[in-house]
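Read through the structure below, which is laid out as structure tokens, and then see the notes.
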Amino acid sequence: MGMDSSHSRREDAAAAAAWVTVEEWGGSSASALSRTAVLTASSSSLTSRRFGNRWGRVSGRLLGAFVPEGFPGSVTLDYVTFQMWDTLQGLSTYIRAMLSTQALLGAIGVGEKSATVIGATFQWFLRDLTGMLGGILFTFYQGSNLDSNAKMWRLVADFMNDLGMLMDLLSPLFPSSLIVIMCLGSLSRSFTGVASGATRAALTQHFALANNAADISAKEGSQETLATMLGMGLGMLLAHATRGHALGVWVSFLFLTIFHMYANYKAVQSLSLTTLNYERSSILLQYFMEDGEILTPQQVSKQEHILPFWSSWRKLLRIELPHERVHLGAKASMLTHSDILQKQDPTIKMPTISCWIRKAVFMFSFTNRQWQLMF
């Protein structure tokens with residue numbers, strides 16, 4: 001009887017081993033998974049079962065062409081807000097591009113019998129050459145500053161793009177200065193190309209929580225392509241509707257430009273960068289030395305000045321930021337007896353040795369908050 005029972009158990013184990021079950025789970029994060037399919041295989045059969053409706057699977061595949069794998073768990077919390085405003089500003093840019101391009105082509109003589117091919121080609125060549133030289137010079141002077149001030153340069157890039165489009169739109173009004181206006185517009189757009197590309201790379205690294213910067217960049221390209229196609233279509237309709245109506249062209253252009261700058265400001269304002277540049281470090285140091293509190297990236301972003309003229313005003317008014325009074329990484333052995341007894345800024349009223357101790361605590365605290373130095 002015991003032999004029969006043992007033999008039966010062996011047969012049941014062999015039967016169970018003959019079946020292999022594979023389950024597929026999908027979701028945006030480890031805490032939000034759902035079963036999508038089950039495969040069951042034996043020595044003689046293979047069965048599969050899918051979960052979820054067909055529309056959900058199709059929409060998921062379409063969404064996968066525009067958002068990173070694992071979204072939203074694979075990106076930062078500010079990704080959605082930034083991309084929404086960034087797409088809207090891109091849409092307004094492509095609509096305006098149709099108006100400015102139409103004006104520029106008319107200025108160089110497209111459609112006129114008196115215009116020559118060689119003349120138009122030469123003008124276009126000077127325009128492109130100016131843009132190339134401008135891009136090289138801008139990279140030489142500001143290339144190393146783009147990462148640490150990505151927010152500010154993002155705004156500057158779009159402002160320069162607006163200025164370039166304005167030059168194109170003005171070109172038919174001043175035919176005697178056409179080449180100068182064309183070159184100025186191309187110069188402005190060359191600054192845009194360098195600054196926008198460099199800051200976009202920095203922001204992509206910020207968004208990537210799962211080492212998926214390449215995926216985020218590719219999906220951002222898909223989003224931009226979709227916005228481009230939609231903007232070109234709307235731009236063609238607007239150009240056709242305002243053809244021959246200069247006032248309509250200018251009103252449409254100015255309205256779209258104002259919306260473009262507003263959308264850019266909202267996009268940049270929504271970012272909570274975790275890298276420390278001069279201004280963010282000053283905000284952190286100021287609060288830590290006064291209240292002993294380490295602010296989060298979200299709290300710092302609300303107090304950060306992102307408009308480009310803030311730094312010029314600060315230098316003009318001779319405002320000294322806290323980071324200019326603190327040297328990170330200095331050695332305590334370098335302190336002399338007079339340094340220890342000397343007071344810091346009268347508004348802070350803190351002995352130097354106490355400042356050193358608090359600075360050490362500050363360094364440890366912001367490291368735990370995942371701040372990164374970037375100067």
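Going by the structure tokens order, chains are called A, B, ..., each with residues numbered from 1, while ligands are numbered from 1 in the order shown.
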
Based on the backbone DSSP call, show me all residues of stretch 108-304 of chain A assigned alpha helix (DSSP H), as a ChimeraX atom specification. /A:117-142,150-170,178-207,213-241,246-269,278-291,297-303

List as a compact mmCIF listing (two decimals) with N, CA, C and O atoms, in the first residue's frame the protein and nucleic acid residues near stretch 211-221 of chain A, meaning an atom at most 8 Å away when only C-alpha atoms are counted, but skip any in the same chain fewer than 4 places from it.
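New file around02.txt:
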# COMPACT_ATOMS: atom_id res chain seq x y z
N ALA A 65 4.61 55.17 -28.12
CA ALA A 65 5.41 55.87 -29.13
C ALA A 65 5.75 57.29 -28.71
O ALA A 65 6.62 57.93 -29.33
N PHE A 66 5.09 57.80 -27.66
CA PHE A 66 5.28 59.19 -27.26
C PHE A 66 5.75 59.37 -25.82
O PHE A 66 6.16 60.47 -25.46
N VAL A 67 5.68 58.33 -24.99
CA VAL A 67 6.14 58.45 -23.61
C VAL A 67 7.17 57.37 -23.34
O VAL A 67 7.16 56.31 -23.97
N PRO A 68 8.10 57.61 -22.40
CA PRO A 68 9.16 56.64 -22.14
C PRO A 68 8.61 55.32 -21.57
O PRO A 68 7.52 55.27 -21.00
N GLU A 69 9.39 54.28 -21.73
CA GLU A 69 9.05 52.97 -21.17
C GLU A 69 8.97 53.09 -19.65
O GLU A 69 9.82 53.68 -19.00
N SER A 74 9.22 56.02 -14.54
CA SER A 74 10.60 56.11 -15.00
C SER A 74 11.07 57.55 -15.22
O SER A 74 12.18 57.78 -15.67
N THR A 204 17.02 66.37 -20.09
CA THR A 204 16.77 64.94 -20.30
C THR A 204 17.44 64.11 -19.22
O THR A 204 16.87 63.15 -18.70
N GLN A 205 18.66 64.48 -18.85
CA GLN A 205 19.35 63.80 -17.75
C GLN A 205 18.60 63.98 -16.44
O GLN A 205 18.56 63.07 -15.61
N PHE A 207 15.29 64.35 -16.12
CA PHE A 207 14.05 63.58 -16.15
C PHE A 207 14.30 62.08 -15.97
O PHE A 207 13.42 61.36 -15.48
N THR A 225 7.73 65.92 -33.32
CA THR A 225 7.31 65.67 -34.70
C THR A 225 5.80 65.81 -34.85
O THR A 225 5.32 66.41 -35.82

What does the structure give for the distance between atom CA of A:Phe259 and atom CA of A:Trp85, in Å to one decimal? 10.5 Å

Could the residues of stretch 156-200 of chain A that have an atom at most 9 Å from stretch 239-257 of chain A be listed as CSV, each with its closest atom pair and the distance in Å to one decimal, counting only C-alpha atoms and ordered by chain and ascending residue number?
residue,atom,partner,partner_atom,distance
A:Asp162,CA,A:Thr257,CA,6.9
A:Leu166,CA,A:Phe253,CA,8.7
A:Leu169,CA,A:Trp250,CA,8.6

Write the residues of the preceding selection, restricted to N, CA and C atoms, as a PDB file, in the first residue's frame.
ATOM      1  N   ASP A 162      12.183  83.852 -31.161  1.00  0.00           N
ATOM      2  CA  ASP A 162      11.132  84.829 -31.461  1.00  0.00           C
ATOM      3  C   ASP A 162      11.706  86.048 -32.165  1.00  0.00           C
ATOM      4  N   LEU A 166      10.824  87.490 -35.893  1.00  0.00           N
ATOM      5  CA  LEU A 166      10.429  88.885 -36.072  1.00  0.00           C
ATOM      6  C   LEU A 166      11.250  89.541 -37.185  1.00  0.00           C
ATOM      7  N   LEU A 169       9.858  88.500 -40.461  1.00  0.00           N
ATOM      8  CA  LEU A 169       8.588  89.163 -40.762  1.00  0.00           C
ATOM      9  C   LEU A 169       8.801  90.624 -41.147  1.00  0.00           C
TER      10      LEU A 169
END

One decimal, in Å: what's the spacing between atom CA of A:Ile306 and atom CA of A:Leu170? 29.3 Å

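Using only C-alpha atoms, the contacts of A:Gly235 at a cut-off of 8 Å, with sequence neighbours closer than 6 positions omitted, comprise Tyr94, Ile95, Arg96, Ala97, Met98 and Leu99 of chain A.
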
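Computed from the coordinates, the atom CA of A:Ser148 to atom CA of A:Ser270 distance equals 16.9 Å.
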